[in-house]
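Containing PDB, C-alpha atoms: target31.pdb.
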ATOM      1  CA  HIS G   9     154.707  83.924 156.213
ATOM      2  CA  SER G  10     155.310  83.580 152.517
ATOM      3  CA  LEU G  11     153.660  86.139 150.271
ATOM      4  CA  ALA G  12     153.738  83.794 147.318
ATOM      5  CA  PRO G  13     150.056  82.764 147.446
ATOM      6  CA  LEU G  14     149.027  86.399 147.630
ATOM      7  CA  ILE G  15     150.897  87.402 144.526
ATOM      8  CA  VAL G  16     149.159  86.414 141.307
ATOM      9  CA  THR G  17     151.522  86.261 138.368
ATOM     10  CA  MET G  18     149.970  86.970 134.990
ATOM     11  CA  PRO G  19     151.366  85.009 132.088
ATOM     12  CA  LYS G  20     153.269  87.190 129.636
ATOM     13  CA  THR G  21     151.156  86.156 126.697
ATOM     14  CA  SER G  22     148.030  84.055 126.618
ATOM     15  CA  ALA G  23     144.981  83.586 124.506
ATOM     16  CA  ALA G  24     143.258  86.313 126.476
ATOM     17  CA  ARG G  25     146.201  88.691 126.181
ATOM     18  CA  PRO G  26     147.728  88.131 122.775
ATOM     19  CA  LYS G  27     151.077  89.685 122.060
ATOM     20  CA  PHE G  28     149.962  90.959 118.702
ATOM     21  CA  TYR G  29     146.710  92.598 117.684
ATOM     22  CA  PRO G  30     146.025  92.797 113.967
ATOM     23  CA  THR G  31     145.222  96.329 112.783
ATOM     24  CA  ASP G  32     142.689  95.272 110.184
ATOM     25  CA  LYS G  33     139.650  93.351 111.177
ATOM     26  CA  VAL G  34     140.407  89.689 110.770
ATOM     27  CA  LYS G  35     137.534  87.621 109.487
ATOM     28  CA  ASN G  36     136.516  84.856 111.827
ATOM     29  CA  THR G  37     136.861  81.701 109.822
ATOM     30  CA  ARG G  38     135.009  78.745 111.133
ATOM     31  CA  ASN G  39     137.035  75.603 111.345
ATOM     32  CA  PHE G  40     134.562  73.002 110.186
ATOM     33  CA  ALA G  41     136.925  70.173 110.924
ATOM     34  CA  LYS G  42     137.203  71.245 114.537
ATOM     35  CA  ASN G  43     133.548  72.132 115.001
ATOM     36  CA  PRO G  44     131.531  69.865 112.746
ATOM     37  CA  THR G  45     127.824  70.539 112.472
ATOM     38  CA  LYS G  46     125.981  67.856 114.342
ATOM     39  CA  LEU G  47     123.653  65.932 112.071
ATOM     40  CA  ARG G  48     120.252  65.255 113.526
ATOM     41  CA  GLU G  49     119.678  61.625 114.409
ATOM     42  CA  SER G  50     116.593  61.509 112.259
ATOM     43  CA  ILE G  51     118.635  62.299 109.141
ATOM     44  CA  THR G  52     120.501  59.370 107.584
ATOM     45  CA  PRO G  53     121.496  58.796 103.943
ATOM     46  CA  GLY G  54     118.327  58.009 102.050
ATOM     47  CA  THR G  55     115.957  59.866 104.356
ATOM     48  CA  VAL G  56     113.205  61.780 102.629
ATOM     49  CA  LEU G  57     113.321  65.400 103.743
ATOM     50  CA  ILE G  58     110.728  68.123 103.395
ATOM     51  CA  VAL G  59     112.260  71.404 102.302
ATOM     52  CA  LEU G  60     110.692  74.240 104.275
ATOM     53  CA  ALA G  61     111.998  77.354 102.579
ATOM     54  CA  GLY G  62     113.600  78.571  99.410
ATOM     55  CA  ARG G  63     112.817  77.905  95.804
ATOM     56  CA  PHE G  64     111.820  74.296  96.401
ATOM     57  CA  ARG G  65     109.752  74.775  99.507
ATOM     58  CA  GLY G  66     107.311  71.988 100.142
ATOM     59  CA  LYS G  67     109.182  69.496  98.010
ATOM     60  CA  ARG G  68     110.145  66.113  99.286
ATOM     61  CA  VAL G  69     113.750  65.302  98.523
ATOM     62  CA  VAL G  70     116.223  62.534  99.176
ATOM     63  CA  PHE G  71     119.142  63.155 101.514
ATOM     64  CA  LEU G  72     122.488  61.973 100.189
ATOM     65  CA  ASN G  73     125.131  63.037 102.650
ATOM     66  CA  GLN G  74     126.367  65.868 104.812
ATOM     67  CA  LEU G  75     129.039  68.070 103.275
ATOM     68  CA  GLU G  76     132.109  69.425 104.996
ATOM     69  CA  SER G  77     130.465  72.787 105.516
ATOM     70  CA  GLY G  78     127.693  71.112 107.469
ATOM     71  CA  LEU G  79     125.074  71.602 104.778
ATOM     72  CA  LEU G  80     123.074  68.660 103.573
ATOM     73  CA  MET G  81     123.411  67.474 100.017
ATOM     74  CA  VAL G  82     120.125  66.548  98.532
ATOM     75  CA  THR G  83     118.604  65.468  95.233
ATOM     76  CA  GLY G  84     114.971  65.373  93.987
ATOM     77  CA  PRO G  85     115.633  63.141  92.059
ATOM     78  CA  TYR G  86     115.462  65.748  89.296
ATOM     79  CA  LYS G  87     113.170  63.729  87.038
ATOM     80  CA  VAL G  88     110.680  63.220  89.793
ATOM     81  CA  ASN G  89     110.312  66.690  91.257
ATOM     82  CA  GLY G  90     112.741  69.047  89.560
ATOM     83  CA  VAL G  91     115.130  69.387  92.459
ATOM     84  CA  PRO G  92     118.737  68.971  91.303
ATOM     85  CA  LEU G  93     121.781  68.105  93.379
ATOM     86  CA  ARG G  94     121.552  70.871  95.898
ATOM     87  CA  ARG G  95     122.718  71.987  99.294
ATOM     88  CA  VAL G  96     120.242  72.621 102.038
ATOM     89  CA  ASN G  97     120.627  73.748 105.611
ATOM     90  CA  GLN G  98     119.556  71.257 108.227
ATOM     91  CA  ARG G  99     117.431  73.825 109.992
ATOM     92  CA  TYR G 100     115.286  74.426 106.933
ATOM     93  CA  VAL G 101     114.300  70.815 106.559
ATOM     94  CA  ILE G 102     111.963  68.360 108.268
ATOM     95  CA  ALA G 103     113.171  64.769 108.323
ATOM     96  CA  THR G 104     110.483  62.200 107.640
ATOM     97  CA  SER G 105     110.705  58.592 108.712
ATOM     98  CA  THR G 106     110.572  57.472 105.081
ATOM     99  CA  LYS G 107     113.826  56.090 103.787
ATOM    100  CA  VAL G 108     115.027  55.423 100.268
ATOM    101  CA  ASP G 109     117.826  53.072  99.313
ATOM    102  CA  VAL G 110     120.819  55.147  98.212
ATOM    103  CA  SER G 111     123.512  52.544  98.664
ATOM    104  CA  GLY G 112     123.583  51.972  94.928
ATOM    105  CA  ILE G 113     125.138  55.299  94.025
ATOM    106  CA  GLY G 114     128.489  54.455  92.545
ATOM    107  CA  ALA G 115     129.388  57.957  91.466
ATOM    108  CA  ALA G 116     131.596  60.007  93.731
ATOM    109  CA  LEU G 117     129.343  62.521  95.413
ATOM    110  CA  PRO G 118     130.435  66.137  94.961
ATOM    111  CA  LYS G 119     131.917  68.318  97.646
ATOM    112  CA  ASP G 120     131.240  71.941  98.594
ATOM    113  CA  ASP G 121     133.295  73.463  95.743
ATOM    114  CA  PHE G 122     130.988  71.802  93.241
ATOM    115  CA  PHE G 123     128.228  74.114  94.387
ATOM    116  CA  THR G 124     130.040  77.428  94.426
ATOM    117  CA  LYS G 125     129.290  79.601  91.405
ATOM    118  CA  PRO G 126     132.144  79.891  88.928
ATOM    119  CA  LYS G 127     133.328  83.488  88.718
ATOM    120  CA  ALA G 128     132.165  84.884  85.395
ATOM    121  CA  ALA G 129     134.836  86.790  83.517
ATOM    122  CA  LYS G 130     133.785  90.380  83.984
ATOM    123  CA  ALA G 131     134.411  92.738  81.127
ATOM    124  CA  LYS G 132     136.451  95.717  82.224
ATOM    125  CA  GLY G 133     134.544  98.976  82.607
ATOM    126  CA  GLU G 134     135.601 100.602  79.346
ATOM    127  CA  LYS G 135     135.148  97.553  77.228
ATOM    128  CA  LYS G 136     131.674  97.107  78.594
ATOM    129  CA  PHE G 137     130.807 100.703  77.878
ATOM    130  CA  PHE G 138     132.032 100.797  74.309
ATOM    131  CA  THR G 139     130.919  97.442  73.029
ATOM    132  CA  ALA G 140     127.719  98.093  71.121
ATOM    133  CA  ASP G 141     125.814  94.917  71.717
ATOM    134  CA  TYR G 142     127.292  93.810  74.983
ATOM    135  CA  GLU G 143     125.303  91.039  76.482
ATOM    136  CA  VAL G 144     125.914  88.970  79.531
ATOM    137  CA  GLU G 145     126.062  85.397  78.456
ATOM    138  CA  PRO G 146     123.924  83.232  80.656
ATOM    139  CA  LEU G 147     126.098  80.591  82.251
ATOM    140  CA  ALA G 148     125.140  77.336  80.606
ATOM    141  CA  LEU G 149     124.936  74.326  82.844
ATOM    142  CA  PRO G 150     128.114  72.352  82.184
ATOM    143  CA  ALA G 151     127.561  68.916  80.725
ATOM    144  CA  ASP G 152     129.371  67.164  83.530
ATOM    145  CA  ARG G 153     126.829  68.491  86.040
ATOM    146  CA  LYS G 154     123.988  67.006  84.040
ATOM    147  CA  ASP G 155     125.872  63.744  83.775
ATOM    148  CA  LEU G 156     126.520  63.577  87.487
ATOM    149  CA  GLN G 157     122.871  64.376  88.146
ATOM    150  CA  LYS G 158     121.788  61.542  85.881
ATOM    151  CA  GLN G 159     124.278  59.130  87.425
ATOM    152  CA  VAL G 160     123.146  59.835  90.967
ATOM    153  CA  ASP G 161     119.468  59.903  90.082
ATOM    154  CA  ASN G 162     119.455  56.720  88.059
ATOM    155  CA  ALA G 163     120.903  54.832  90.971
ATOM    156  CA  ILE G 164     118.062  56.094  93.160
ATOM    157  CA  LEU G 165     115.251  55.876  90.600
ATOM    158  CA  GLY G 166     115.985  52.191  90.164
ATOM    159  CA  THR G 167     115.010  51.496  93.756
ATOM    160  CA  LEU G 168     111.837  53.595  93.694
ATOM    161  CA  ASP G 169     108.455  52.071  92.992
ATOM    162  CA  GLY G 170     105.511  53.982  91.510
ATOM    163  CA  ASP G 171     104.143  54.980  94.908
ATOM    164  CA  MET G 172     107.445  56.337  96.101
ATOM    165  CA  LYS G 173     107.912  58.338  92.917
ATOM    166  CA  ALA G 174     104.464  59.837  93.319
ATOM    167  CA  TYR G 175     105.267  60.610  96.935
ATOM    168  CA  LEU G 176     108.514  62.374  96.069
ATOM    169  CA  GLY G 177     106.770  64.217  93.280
ATOM    170  CA  SER G 178     104.134  65.552  95.616
ATOM    171  CA  LYS G 179     104.460  68.628  97.785
ATOM    172  CA  PHE G 180     104.002  68.837 101.504
ATOM    173  CA  SER G 181     101.275  71.183 102.611
ATOM    174  CA  LEU G 182      99.487  71.976 105.823
ATOM    175  CA  SER G 183      95.723  71.871 105.733
ATOM    176  CA  LYS G 184      93.091  73.139 108.074
ATOM    177  CA  ALA G 185      93.170  70.635 110.910
ATOM    178  CA  ASP G 186      96.894  69.944 110.764
ATOM    179  CA  LYS G 187      98.905  70.555 113.880
ATOM    180  CA  PRO G 188     102.636  70.284 113.151
ATOM    181  CA  HIS G 189     103.460  70.090 116.845
ATOM    182  CA  LEU G 190     101.476  66.870 117.046
ATOM    183  CA  MET G 191     102.474  65.427 113.700
ATOM    184  CA  LYS G 192     104.778  62.476 113.466
ATOM    185  CA  PHE G 193     106.792  63.039 110.314
TER     186      PHE G 193
ATOM    187  CA  MET N   8     106.897  69.988  84.874
ATOM    188  CA  PRO N   9     103.295  70.948  85.578
ATOM    189  CA  GLU N  10     102.900  73.940  87.859
ATOM    190  CA  SER N  11     101.885  72.724  91.281
ATOM    191  CA  LYS N  12      99.629  74.632  93.601
ATOM    192  CA  PRO N  13     101.356  76.603  96.330
ATOM    193  CA  SER N  14     101.566  74.737  99.590
ATOM    194  CA  ARG N  15     101.101  76.139 103.043
ATOM    195  CA  LEU N  16     104.246  75.687 105.064
ATOM    196  CA  HIS N  17     103.323  77.869 107.968
ATOM    197  CA  VAL N  18     100.903  77.710 110.842
ATOM    198  CA  LYS N  19      98.336  80.456 111.148
ATOM    199  CA  GLY N  20      98.197  82.532 114.238
ATOM    200  CA  THR N  21      96.747  85.715 115.652
ATOM    201  CA  ILE N  22      98.357  88.637 117.376
ATOM    202  CA  LEU N  23      96.673  89.019 120.711
ATOM    203  CA  GLY N  24      98.439  92.141 121.794
ATOM    204  CA  PHE N  25     101.551  93.332 123.518
ATOM    205  CA  LYS N  26     103.141  91.850 126.534
ATOM    206  CA  ARG N  27     101.640  93.851 129.312
ATOM    207  CA  GLY N  28     100.509  94.203 132.820
ATOM    208  CA  ARG N  29      97.270  96.006 133.484
ATOM    209  CA  ARG N  30      98.693  99.460 133.102
ATOM    210  CA  ASN N  31     101.980  99.038 131.286
ATOM    211  CA  THR N  32     102.514  97.720 127.786
ATOM    212  CA  TYR N  33     105.815  96.433 126.539
ATOM    213  CA  HIS N  34     105.808  97.022 122.816
ATOM    214  CA  HIS N  35     108.945  95.058 122.156
ATOM    215  CA  THR N  36     107.165  91.756 122.766
ATOM    216  CA  ASN N  37     103.893  90.525 121.273
ATOM    217  CA  LEU N  38     101.628  87.724 122.360
ATOM    218  CA  LEU N  39     100.614  85.271 119.676
ATOM    219  CA  GLN N  40      97.952  82.637 119.614
ATOM    220  CA  ILE N  41      98.938  79.759 117.367
ATOM    221  CA  GLU N  42      96.127  77.740 115.819
ATOM    222  CA  GLY N  43      95.817  74.310 117.339
ATOM    223  CA  CYS N  44      98.279  75.032 120.098
ATOM    224  CA  ASN N  45      96.432  74.928 123.369
ATOM    225  CA  ASP N  46      99.002  73.842 125.863
ATOM    226  CA  ASN N  47     102.248  75.024 127.333
ATOM    227  CA  LYS N  48     103.823  71.737 126.278
ATOM    228  CA  GLU N  49     102.532  72.016 122.732
ATOM    229  CA  ALA N  50     103.969  75.512 122.528
ATOM    230  CA  ASN N  51     107.461  74.106 123.015
ATOM    231  CA  PHE N  52     107.481  72.952 119.414
ATOM    232  CA  TYR N  53     107.169  76.530 118.211
ATOM    233  CA  LEU N  54     109.909  78.061 120.302
ATOM    234  CA  GLY N  55     112.507  79.672 118.092
ATOM    235  CA  LYS N  56     110.410  79.409 114.967
ATOM    236  CA  LYS N  57     110.394  82.369 112.631
ATOM    237  CA  VAL N  58     107.246  84.412 112.469
ATOM    238  CA  ALA N  59     106.091  86.721 109.697
ATOM    239  CA  PHE N  60     103.624  89.556 109.987
ATOM    240  CA  ILE N  61     102.401  90.254 106.475
ATOM    241  CA  TYR N  62     100.393  93.311 105.605
ATOM    242  CA  ARG N  63      99.186  95.174 102.546
ATOM    243  CA  ALA N  64     100.173  98.647 101.575
ATOM    244  CA  GLN N  65      99.077 101.036  98.840
ATOM    245  CA  ALA N  66     102.457 101.586  97.263
ATOM    246  CA  THR N  67     104.325  98.905  95.416
ATOM    247  CA  LYS N  68     107.776  98.325  96.825
ATOM    248  CA  ALA N  69     110.193  95.729  95.543
ATOM    249  CA  GLY N  70     107.532  94.596  93.100
ATOM    250  CA  SER N  71     104.853  93.852  95.646
ATOM    251  CA  LYS N  72     102.092  95.495  97.613
ATOM    252  CA  PHE N  73     102.669  93.066 100.423
ATOM    253  CA  ARG N  74     105.157  93.837 103.142
ATOM    254  CA  CYS N  75     106.534  91.727 105.901
ATOM    255  CA  VAL N  76     108.024  92.119 109.328
ATOM    256  CA  TRP N  77     109.992  89.113 110.507
ATOM    257  CA  GLY N  78     110.274  87.962 114.060
ATOM    258  CA  LYS N  79     110.618  84.849 116.111
ATOM    259  CA  VAL N  80     108.841  83.020 118.860
ATOM    260  CA  THR N  81     110.803  83.620 122.011
ATOM    261  CA  ARG N  82     109.002  81.743 124.771
ATOM    262  CA  SER N  83     105.672  80.443 125.874
ATOM    263  CA  HIS N  84     103.254  82.638 127.748
ATOM    264  CA  GLY N  85     100.970  81.157 130.339
ATOM    265  CA  SER N  86      99.569  77.661 130.287
ATOM    266  CA  ASN N  87      97.203  77.781 127.343
ATOM    267  CA  GLY N  88      99.538  77.676 124.402
ATOM    268  CA  VAL N  89      99.951  81.403 123.921
ATOM    269  CA  VAL N  90     103.409  82.369 122.900
ATOM    270  CA  ARG N  91     105.618  85.456 123.040
ATOM    271  CA  ALA N  92     107.330  86.806 119.975
ATOM    272  CA  LYS N  93     109.750  89.568 119.170
ATOM    273  CA  PHE N  94     109.970  91.245 115.828
ATOM    274  CA  ALA N  95     112.746  93.009 113.970
ATOM    275  CA  LYS N  96     110.774  96.193 114.346
ATOM    276  CA  ASN N  97     108.081  96.551 116.978
ATOM    277  CA  LEU N  98     104.678  95.945 115.479
ATOM    278  CA  SER N  99     102.083  98.656 115.304
ATOM    279  CA  PRO N 100      99.085  98.352 117.649
ATOM    280  CA  THR N 101      96.892  98.237 114.548
ATOM    281  CA  ALA N 102      98.269  94.729 114.065
ATOM    282  CA  ILE N 103      96.442  93.462 117.123
ATOM    283  CA  GLY N 104      93.851  90.923 116.064
ATOM    284  CA  SER N 105      95.434  90.344 112.683
ATOM    285  CA  SER N 106      96.964  87.191 111.279
ATOM    286  CA  ILE N 107     100.478  86.019 111.579
ATOM    287  CA  ARG N 108     102.411  83.209 109.927
ATOM    288  CA  VAL N 109     104.455  80.934 112.120
ATOM    289  CA  MET N 110     106.953  79.204 109.863
ATOM    290  CA  LEU N 111     108.179  75.680 110.481
ATOM    291  CA  TYR N 112     111.834  76.673 110.455
ATOM    292  CA  PRO N 113     114.377  76.611 112.163
ATOM    293  CA  SER N 114     113.367  73.006 112.421
ATOM    294  CA  SER N 115     114.444  70.523 115.073
ATOM    295  CA  VAL N 116     112.421  67.607 113.765
TER     296      VAL N 116
END
Would you mind writing the file's structure down as structure tokens?
Amino acid sequence: HSLAPLIVTMPKTSAARPKFYPTDKVKNTRNFAKNPTKLRESITPGTVLIVLAGRFRGKRVVFLNQLESGLLMVTGPYKVNGVPLRRVNQRYVIATSTKVDVSGIGAALPKDDFFTKPKAAKAKGEKKFFTADYEVEPLALPADRKDLQKQVDNAILGTLDGDMKAYLGSKFSLSKADKPHLMKF
Amino acid sequence: MPESKPSRLHVKGTILGFKRGRRNTYHHTNLLQIEGCNDNKEANFYLGKKVAFIYRAQATKAGSKFRCVWGKVTRSHGSNGVVRAKFAKNLSPTAIGSSIRVMLYPSSV
């Protein structure tokens, strides 16, 4: 009788038993390419979304596309409801069945890095302390952002009629008899 | 841009009490009644939604006299649309009968 089936050989190294353990805590980086965030079927480019939380809660915005990080890129358009090109999490949004034509946007839509805040040059401790009238300069919105906003918005505004503009300018609100679990958005 | 009126983006609800049997109360879980939700099936929409218990206090903290305890709807309770919720900190029994806000996020619509 062979004892081979009774003896379990452990592999020398495996994912479960790595050969090397880092001493410092290694940050778990999510590989977005490998695990892309699944976009809800109800959300397609041009869908009007209702923002549920944050500064623009209640506003109806137009969905442009999903970024690499999985967040949704969205625009008011700015002229209509004051929402600029912005990122929004899918979970904080209700997709309506209303669609807007966004095929006309010729401008290259920005990526995630567009939305990260530029690191302000921090004055060193001493300099800050000794400068008499030290003031933090408010970061002015760079002109190219405004231009891009206008480019994207103009392409959309062209396809909107008066009713649609009024709709996007209005806010979503629940009233007394409303039952969200029965509402068809 | 003209200032628009605030909009209600939450569903009102009431705290019915703690999860309990006749003689034992489990303070870690509360029972909530959500307005308009009268069925087990209707309650499914609210599962996972964030819930806020907002109350007033005398002292101003962080610029407001209003304070909030966040929680979430965990599961339905019974067949009449009542729902169970767990909060970051267990709620006080004085909260029983008071209002709660069931937010519409995390949304699956």
For this structure, which residues satisfy the selection - the PyMOL selection byres ((chain N) within 8 of (chain G)) - when it is evaluated on the file as given? I want them as number ranges by chain. N: 8, 14-18, 42-44, 49-50, 52-53, 111-116
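Taking CA of Glu76 (chain G) and CA of Lys33 (chain G) as endpoints, the distance between them is 25.8 Å.
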Ranking N:Asn51, N:Asn87, N:Asn97, N:Gln65 by minimum distance to Thr36 (chain N) and counting all atoms listed in the file, which one comes first? N:Asn97
Considering all atoms listed in the file, return as an NGL selection string whatever protein or nucleic-acid residues lie within 12 Å of region 100-106 of chain N, sequence-local ones (same chain, fewer than 5 positions apart) excluded. :N and (17-26 or 32-42 or 58-63 or 75-76)
Work out how far CA of Leu54 (chain N) is from CA of Arg82 (chain N), in Å to one decimal.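 Computing the Euclidean distance for CA of Arg82 (chain N) and CA of Leu54 (chain N) yields 5.9 Å.
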What separation in Å, quoted to one decimal, exists between CA of Pro53 (chain G) and CA of Val110 (chain G)?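 Result for CA of Pro53 (chain G) versus CA of Val110 (chain G): 6.8 Å, one decimal.
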I want to know what sits within 9 Å of Thr167 (chain G), based on all atoms listed in the file, with residues of the same chain fewer than 6 positions away left out; could you give that as number ranges by chain? G: 108-110, 112
Is it possible to get the axis-aligned box enclosing region 75-91 of chain N (all listed atoms, 8 Å extra per side) as JSON, with centre and edge lengths in Å rounded to one decimal?
{"center_x": 104.0, "center_y": 84.9, "center_z": 118.1, "size_x": 29.6, "size_y": 30.5, "size_z": 40.4}
Output region 80-101 of chain N as a compact mmCIF listing (two decimals), keeping the file's coordinate frame, making sure N, CA, C and O atoms are there.
# COMPACT_ATOMS: atom_id res chain seq x y z
N VAL N 80 109.51 83.39 117.62
CA VAL N 80 108.84 83.02 118.86
C VAL N 80 109.92 82.92 119.92
O VAL N 80 110.92 82.23 119.74
N THR N 81 109.74 83.62 121.01
CA THR N 81 110.80 83.62 122.01
C THR N 81 110.53 82.66 123.17
O THR N 81 111.43 81.96 123.61
N ARG N 82 109.31 82.63 123.64
CA ARG N 82 109.00 81.74 124.77
C ARG N 82 107.50 81.57 124.87
O ARG N 82 106.74 82.27 124.21
N SER N 83 107.10 80.64 125.70
CA SER N 83 105.67 80.44 125.87
C SER N 83 105.16 81.47 126.88
O SER N 83 105.92 82.10 127.61
N HIS N 84 103.87 81.64 126.87
CA HIS N 84 103.25 82.64 127.75
C HIS N 84 102.04 82.01 128.39
O HIS N 84 101.06 81.73 127.71
N GLY N 85 102.11 81.75 129.67
CA GLY N 85 100.97 81.16 130.34
C GLY N 85 100.87 79.67 130.06
O GLY N 85 101.78 79.04 129.53
N SER N 86 99.71 79.11 130.40
CA SER N 86 99.57 77.66 130.29
C SER N 86 98.62 77.23 129.18
O SER N 86 98.29 76.06 129.07
N ASN N 87 98.18 78.15 128.36
CA ASN N 87 97.20 77.78 127.34
C ASN N 87 97.71 77.86 125.92
O ASN N 87 96.94 78.03 124.98
N GLY N 88 99.00 77.76 125.75
CA GLY N 88 99.54 77.68 124.40
C GLY N 88 99.83 79.02 123.75
O GLY N 88 100.24 79.07 122.59
N VAL N 89 99.61 80.09 124.47
CA VAL N 89 99.95 81.40 123.92
C VAL N 89 101.47 81.54 123.98
O VAL N 89 102.13 80.96 124.83
N VAL N 90 101.98 82.33 123.08
CA VAL N 90 103.41 82.37 122.90
C VAL N 90 103.86 83.82 122.77
O VAL N 90 103.10 84.68 122.31
N ARG N 91 105.10 84.09 123.20
CA ARG N 91 105.62 85.46 123.04
C ARG N 91 106.50 85.52 121.81
O ARG N 91 107.21 84.56 121.51
N ALA N 92 106.48 86.65 121.15
CA ALA N 92 107.33 86.81 119.98
C ALA N 92 107.91 88.20 119.92
O ALA N 92 107.31 89.16 120.40
N LYS N 93 109.11 88.27 119.35
CA LYS N 93 109.75 89.57 119.17
C LYS N 93 110.02 89.76 117.70
O LYS N 93 110.41 88.81 117.00
N PHE N 94 109.81 90.96 117.25
CA PHE N 94 109.97 91.24 115.83
C PHE N 94 111.15 92.16 115.57
O PHE N 94 111.61 92.87 116.46
N ALA N 95 111.60 92.18 114.33
CA ALA N 95 112.75 93.01 113.97
C ALA N 95 112.45 94.47 114.27
O ALA N 95 113.30 95.23 114.72
N LYS N 96 111.24 94.85 113.98
CA LYS N 96 110.77 96.19 114.35
C LYS N 96 109.51 95.96 115.16
O LYS N 96 108.72 95.09 114.79
N ASN N 97 109.31 96.72 116.19
CA ASN N 97 108.08 96.55 116.98
C ASN N 97 106.87 96.69 116.07
O ASN N 97 106.85 97.53 115.18
N LEU N 98 105.87 95.85 116.32
CA LEU N 98 104.68 95.94 115.48
C LEU N 98 103.80 97.09 115.93
O LEU N 98 103.82 97.49 117.08
N SER N 99 103.01 97.58 114.99
CA SER N 99 102.08 98.66 115.30
C SER N 99 100.89 98.08 116.07
O SER N 99 100.52 96.93 115.86
N PRO N 100 100.27 98.85 116.94
CA PRO N 100 99.08 98.35 117.65
C PRO N 100 97.92 98.03 116.71
O PRO N 100 97.04 97.27 117.06
N THR N 101 97.95 98.57 115.51
CA THR N 101 96.89 98.24 114.55
C THR N 101 96.97 96.78 114.13
O THR N 101 96.04 96.23 113.57
